[in-house]
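Enquirer: Take this structure, written in structure tokens, and hold onto it; I'll ask about it next.
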Amino acid sequence: MKKSLDIAATVLTVLLLLGFAALSLRGLIDPQSASARFGTAVSDHAGTLFYRVYLSRNLVIVAAGAIFLLRQQWTALAILLTVTAALPLFDMAVLSQNGVTPPFFHPLAFAIIAIAAALSWRRARASRA
């Protein structure tokens with residue numbers, strides 16, 4: 001069972017990082033359509049620039065997560081994923097406060113990130129023992 005959870009932690013984190021990277025790169029290429037899927041479309045240069053900065057943040061998370069994963073730094077990865085789990089919650093709150101219904105993938109993203117974080121914390125504890 002422990003081995004299965006270790007594999008699940010790695011596989012889920014890899015899939016999560018690949019998904020984050022794919023969505024971010026797609027959004028950098030076509031910010032108007034990507035932002036519309038996010039919940040509100042950007043329509044001017046300032047909005048496009050802000051959205052690209054937002055997506056660049058996601059790519060930094062991907063890079064850091066990949067480094068932590070490759071170096072098997074489970075505690076650092078667990079911290080990163082735990083903090084990252086707050087992002088979809090924050091996005092949902094901001095969208096809701098501005099009268100925009102958050103897309104369905106925000107709660108799903110939160111759940112996937114939270115599960116990956118929990119598995120990484122379990123792996124971090126196991127590697128210290």
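By convention in this document, the chains of the structure tokens carry letters A, B, ... by their order, each chain's residues are numbered from 1, and ligands are numbered from 1 in the order they are shown.
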Give me the residues within 6 Å of range 78-95 of chain A as a PDB file with all heavy atoms, in the first residue's frame, counting only C-alpha atoms and dropping any in the same chain fewer than 2 places off.

Expert:
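Ended up saving to out17.pdb:
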ATOM      1  N   TRP A  74      10.620  16.121  -1.074  1.00  0.00           N
ATOM      2  CA  TRP A  74       9.196  15.933  -0.835  1.00  0.00           C
ATOM      3  C   TRP A  74       8.599  16.996   0.081  1.00  0.00           C
ATOM      4  O   TRP A  74       7.460  17.419  -0.122  1.00  0.00           O
ATOM      5  CB  TRP A  74       8.939  14.530  -0.301  1.00  0.00           C
ATOM      6  CG  TRP A  74       9.338  13.512  -1.307  1.00  0.00           C
ATOM      7  CD1 TRP A  74      10.433  12.700  -1.267  1.00  0.00           C
ATOM      8  CD2 TRP A  74       8.684  13.246  -2.549  1.00  0.00           C
ATOM      9  NE1 TRP A  74      10.491  11.930  -2.401  1.00  0.00           N
ATOM     10  CE2 TRP A  74       9.420  12.245  -3.207  1.00  0.00           C
ATOM     11  CE3 TRP A  74       7.544  13.754  -3.167  1.00  0.00           C
ATOM     12  CZ2 TRP A  74       9.052  11.737  -4.437  1.00  0.00           C
ATOM     13  CZ3 TRP A  74       7.175  13.247  -4.407  1.00  0.00           C
ATOM     14  CH2 TRP A  74       7.931  12.251  -5.026  1.00  0.00           C
ATOM     15  N   THR A  75       9.348  17.448   1.067  1.00  0.00           N
ATOM     16  CA  THR A  75       8.816  18.484   1.958  1.00  0.00           C
ATOM     17  C   THR A  75       8.630  19.798   1.204  1.00  0.00           C
ATOM     18  O   THR A  75       7.579  20.442   1.317  1.00  0.00           O
ATOM     19  CB  THR A  75       9.734  18.685   3.179  1.00  0.00           C
ATOM     20  OG1 THR A  75       9.862  17.438   3.870  1.00  0.00           O
ATOM     21  CG2 THR A  75       9.176  19.731   4.119  1.00  0.00           C
ATOM     22  N   ALA A  76       9.622  20.177   0.426  1.00  0.00           N
ATOM     23  CA  ALA A  76       9.509  21.400  -0.369  1.00  0.00           C
ATOM     24  C   ALA A  76       8.352  21.295  -1.362  1.00  0.00           C
ATOM     25  O   ALA A  76       7.578  22.246  -1.541  1.00  0.00           O
ATOM     26  CB  ALA A  76      10.812  21.679  -1.101  1.00  0.00           C
ATOM     27  N   GLN A  97     -17.140  37.325  -6.190  1.00  0.00           N
ATOM     28  CA  GLN A  97     -17.355  38.679  -5.679  1.00  0.00           C
ATOM     29  C   GLN A  97     -17.589  39.684  -6.800  1.00  0.00           C
ATOM     30  O   GLN A  97     -18.166  40.740  -6.570  1.00  0.00           O
ATOM     31  CB  GLN A  97     -16.170  39.136  -4.830  1.00  0.00           C
ATOM     32  CG  GLN A  97     -16.099  38.453  -3.486  1.00  0.00           C
ATOM     33  CD  GLN A  97     -14.850  38.847  -2.707  1.00  0.00           C
ATOM     34  OE1 GLN A  97     -13.944  39.464  -3.239  1.00  0.00           O
ATOM     35  NE2 GLN A  97     -14.823  38.468  -1.437  1.00  0.00           N
ATOM     36  N   ASN A  98     -17.146  39.344  -8.004  1.00  0.00           N
ATOM     37  CA  ASN A  98     -17.338  40.236  -9.138  1.00  0.00           C
ATOM     38  C   ASN A  98     -18.468  39.778 -10.057  1.00  0.00           C
ATOM     39  O   ASN A  98     -18.545  40.201 -11.213  1.00  0.00           O
ATOM     40  CB  ASN A  98     -16.027  40.391  -9.916  1.00  0.00           C
ATOM     41  CG  ASN A  98     -15.037  41.225  -9.145  1.00  0.00           C
ATOM     42  OD1 ASN A  98     -15.197  42.440  -9.058  1.00  0.00           O
ATOM     43  ND2 ASN A  98     -14.043  40.592  -8.558  1.00  0.00           N
ATOM     44  N   VAL A 100     -19.134  36.831 -11.380  1.00  0.00           N
ATOM     45  CA  VAL A 100     -18.825  35.837 -12.407  1.00  0.00           C
ATOM     46  C   VAL A 100     -18.877  34.457 -11.757  1.00  0.00           C
ATOM     47  O   VAL A 100     -18.271  34.235 -10.707  1.00  0.00           O
ATOM     48  CB  VAL A 100     -17.420  36.072 -13.012  1.00  0.00           C
ATOM     49  CG1 VAL A 100     -17.068  34.991 -14.013  1.00  0.00           C
ATOM     50  CG2 VAL A 100     -17.340  37.454 -13.648  1.00  0.00           C
ATOM     51  N   PRO A 102     -17.655  31.015 -11.179  1.00  0.00           N
ATOM     52  CA  PRO A 102     -16.376  30.344 -11.456  1.00  0.00           C
ATOM     53  C   PRO A 102     -16.585  29.093 -12.310  1.00  0.00           C
ATOM     54  O   PRO A 102     -17.564  28.368 -12.121  1.00  0.00           O
ATOM     55  CB  PRO A 102     -15.858  29.961 -10.067  1.00  0.00           C
ATOM     56  CG  PRO A 102     -16.578  30.855  -9.128  1.00  0.00           C
ATOM     57  CD  PRO A 102     -17.921  31.114  -9.744  1.00  0.00           C
ATOM     58  N   HIS A 106     -12.369  24.938 -11.356  1.00  0.00           N
ATOM     59  CA  HIS A 106     -11.720  25.484 -10.157  1.00  0.00           C
ATOM     60  C   HIS A 106     -11.859  24.540  -8.953  1.00  0.00           C
ATOM     61  O   HIS A 106     -10.848  24.227  -8.310  1.00  0.00           O
ATOM     62  CB  HIS A 106     -12.252  26.876  -9.829  1.00  0.00           C
ATOM     63  CG  HIS A 106     -11.614  27.949 -10.631  1.00  0.00           C
ATOM     64  ND1 HIS A 106     -12.039  28.291 -11.901  1.00  0.00           N
ATOM     65  CD2 HIS A 106     -10.558  28.745 -10.372  1.00  0.00           C
ATOM     66  CE1 HIS A 106     -11.285  29.257 -12.367  1.00  0.00           C
ATOM     67  NE2 HIS A 106     -10.373  29.552 -11.480  1.00  0.00           N
ATOM     68  N   PHE A 110      -8.735  22.474  -7.262  1.00  0.00           N
ATOM     69  CA  PHE A 110      -8.449  22.490  -5.831  1.00  0.00           C
ATOM     70  C   PHE A 110      -8.339  21.065  -5.291  1.00  0.00           C
ATOM     71  O   PHE A 110      -7.400  20.745  -4.549  1.00  0.00           O
ATOM     72  CB  PHE A 110      -9.515  23.269  -5.056  1.00  0.00           C
ATOM     73  CG  PHE A 110      -9.395  23.086  -3.572  1.00  0.00           C
ATOM     74  CD1 PHE A 110      -8.363  23.693  -2.873  1.00  0.00           C
ATOM     75  CD2 PHE A 110     -10.281  22.286  -2.882  1.00  0.00           C
ATOM     76  CE1 PHE A 110      -8.223  23.508  -1.510  1.00  0.00           C
ATOM     77  CE2 PHE A 110     -10.151  22.090  -1.525  1.00  0.00           C
ATOM     78  CZ  PHE A 110      -9.123  22.705  -0.826  1.00  0.00           C
ATOM     79  N   ILE A 113      -5.105  19.316  -6.561  1.00  0.00           N
ATOM     80  CA  ILE A 113      -3.914  19.881  -5.919  1.00  0.00           C
ATOM     81  C   ILE A 113      -3.851  19.467  -4.449  1.00  0.00           C
ATOM     82  O   ILE A 113      -2.783  19.112  -3.935  1.00  0.00           O
ATOM     83  CB  ILE A 113      -3.879  21.417  -6.061  1.00  0.00           C
ATOM     84  CG1 ILE A 113      -3.758  21.814  -7.527  1.00  0.00           C
ATOM     85  CG2 ILE A 113      -2.721  22.012  -5.265  1.00  0.00           C
ATOM     86  CD1 ILE A 113      -4.022  23.279  -7.801  1.00  0.00           C
ATOM     87  N   ALA A 114      -5.000  19.489  -3.766  1.00  0.00           N
ATOM     88  CA  ALA A 114      -5.030  19.103  -2.346  1.00  0.00           C
ATOM     89  C   ALA A 114      -4.649  17.636  -2.157  1.00  0.00           C
ATOM     90  O   ALA A 114      -3.910  17.292  -1.226  1.00  0.00           O
ATOM     91  CB  ALA A 114      -6.413  19.380  -1.757  1.00  0.00           C
ATOM     92  N   ALA A 117      -0.953  17.361  -2.707  1.00  0.00           N
ATOM     93  CA  ALA A 117      -0.248  17.897  -1.536  1.00  0.00           C
ATOM     94  C   ALA A 117      -0.259  16.889  -0.394  1.00  0.00           C
ATOM     95  O   ALA A 117       0.774  16.656   0.248  1.00  0.00           O
ATOM     96  CB  ALA A 117      -0.881  19.218  -1.097  1.00  0.00           C
ATOM     97  N   SER A 120       2.093  14.145  -1.099  1.00  0.00           N
ATOM     98  CA  SER A 120       3.478  14.609  -0.965  1.00  0.00           C
ATOM     99  C   SER A 120       3.876  14.741   0.499  1.00  0.00           C
ATOM    100  O   SER A 120       5.010  14.429   0.867  1.00  0.00           O
ATOM    101  CB  SER A 120       3.661  15.944  -1.693  1.00  0.00           C
ATOM    102  OG  SER A 120       3.511  15.756  -3.072  1.00  0.00           O
ATOM    103  N   TRP A 121       2.947  15.221   1.337  1.00  0.00           N
ATOM    104  CA  TRP A 121       3.236  15.293   2.779  1.00  0.00           C
ATOM    105  C   TRP A 121       3.471  13.903   3.353  1.00  0.00           C
ATOM    106  O   TRP A 121       4.379  13.690   4.163  1.00  0.00           O
ATOM    107  CB  TRP A 121       2.106  15.984   3.538  1.00  0.00           C
ATOM    108  CG  TRP A 121       2.167  17.474   3.468  1.00  0.00           C
ATOM    109  CD1 TRP A 121       1.275  18.308   2.856  1.00  0.00           C
ATOM    110  CD2 TRP A 121       3.188  18.321   4.019  1.00  0.00           C
ATOM    111  NE1 TRP A 121       1.688  19.613   2.985  1.00  0.00           N
ATOM    112  CE2 TRP A 121       2.846  19.649   3.701  1.00  0.00           C
ATOM    113  CE3 TRP A 121       4.358  18.084   4.724  1.00  0.00           C
ATOM    114  CZ2 TRP A 121       3.631  20.743   4.076  1.00  0.00           C
ATOM    115  CZ3 TRP A 121       5.141  19.168   5.096  1.00  0.00           C
ATOM    116  CH2 TRP A 121       4.780  20.475   4.785  1.00  0.00           C
TER     117      TRP A 121
END

Enquirer: With only C-alpha atoms as the counted atoms, please give the residues lying no more than 12 Å from Phe50 in chain A, apart from itself and same-chain residues fewer than 5 positions off, as a PyMOL selection string.

Expert: chain A and resi 27-28+31-32+35+41-45+55-57

Enquirer: Between CA of Thr40 in chain A and CA of Ile112 in chain A, what is the spacing in Å?

Expert: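 Computed distance, CA of Ile112 in chain A to CA of Thr40 in chain A, equals 22.9 Å.
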
Enquirer: In Å, rounded to a single decimal, give me how far CA of Val14 in chain A is from CA of Arg26 in chain A.

Expert: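 Spanning CA of Arg26 in chain A to CA of Val14 in chain A is a straight-line distance of 18.1 Å.
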
Enquirer: I need the residues in range 20-99 of chain A that are alpha helix (DSSP H) according to DSSP; give them as a PyMOL selection string.

Expert: chain A and resi 20-29+31-38+45-70+74-84+86-97

Enquirer: Using only C-alpha atoms, which protein or nucleic acid residues come within 12 Å of Leu25 in chain A? Drop anything in the same chain fewer than 2 positions from it, and give the result as a VMD selection string.

Expert: chain A and resid 18 to 23 27 to 31 34 51 to 60 62

Enquirer: Using only C-alpha atoms, find the one residue out of A:Phe104, A:Leu15, A:Ala64, A:Gly47 that sits nearest to Leu77 in chain A.

Expert: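 Result for the nearest residue to Leu77 in chain A: A:Ala64.
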
Enquirer: What is the CA of Leu119 in chain A-CA of Ala9 in chain A distance in Å, reported with one decimal?

Expert: 5.1 Å

Enquirer: Excluding range 66-72 of chain A and residues on its chain fewer than 6 positions from it, collect all residues at most 9 Å away from it, counting only C-alpha atoms, and give them as a list in words.

Expert: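 The neighbour list is Thr10, Thr13, Val14 and Leu17 of chain A.
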
Enquirer: Next, the residues of the selection above should be written as an mmCIF file, in the first residue's frame with all heavy atoms.

Expert:
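The result, written out as part30.cif:
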data_model
loop_
_atom_site.group_PDB
_atom_site.id
_atom_site.type_symbol
_atom_site.label_atom_id
_atom_site.label_comp_id
_atom_site.auth_asym_id
_atom_site.auth_seq_id
_atom_site.Cartn_x
_atom_site.Cartn_y
_atom_site.Cartn_z
ATOM 1 N N THR A 10 3.838 10.590 -7.038
ATOM 2 C CA THR A 10 4.681 10.997 -8.165
ATOM 3 C C THR A 10 3.851 11.194 -9.425
ATOM 4 O O THR A 10 3.960 12.227 -10.099
ATOM 5 C CB THR A 10 5.794 9.956 -8.407
ATOM 6 O OG1 THR A 10 6.564 9.821 -7.207
ATOM 7 C CG2 THR A 10 6.691 10.372 -9.550
ATOM 8 N N THR A 13 1.453 14.216 -9.208
ATOM 9 C CA THR A 13 2.201 15.475 -9.266
ATOM 10 C C THR A 13 2.700 15.751 -10.682
ATOM 11 O O THR A 13 2.608 16.887 -11.164
ATOM 12 C CB THR A 13 3.376 15.462 -8.266
ATOM 13 O OG1 THR A 13 2.844 15.257 -6.947
ATOM 14 C CG2 THR A 13 4.142 16.771 -8.308
ATOM 15 N N VAL A 14 3.196 14.735 -11.368
ATOM 16 C CA VAL A 14 3.648 14.909 -12.752
ATOM 17 C C VAL A 14 2.482 15.348 -13.638
ATOM 18 O O VAL A 14 2.600 16.305 -14.421
ATOM 19 C CB VAL A 14 4.296 13.613 -13.298
ATOM 20 C CG1 VAL A 14 4.461 13.669 -14.808
ATOM 21 C CG2 VAL A 14 5.629 13.369 -12.620
ATOM 22 N N LEU A 17 1.545 18.970 -12.827
ATOM 23 C CA LEU A 17 2.514 19.927 -13.372
ATOM 24 C C LEU A 17 2.401 20.031 -14.897
ATOM 25 O O LEU A 17 2.465 21.129 -15.455
ATOM 26 C CB LEU A 17 3.935 19.542 -12.962
ATOM 27 C CG LEU A 17 4.240 19.653 -11.465
ATOM 28 C CD1 LEU A 17 5.638 19.105 -11.163
ATOM 29 C CD2 LEU A 17 4.098 21.074 -10.972
#
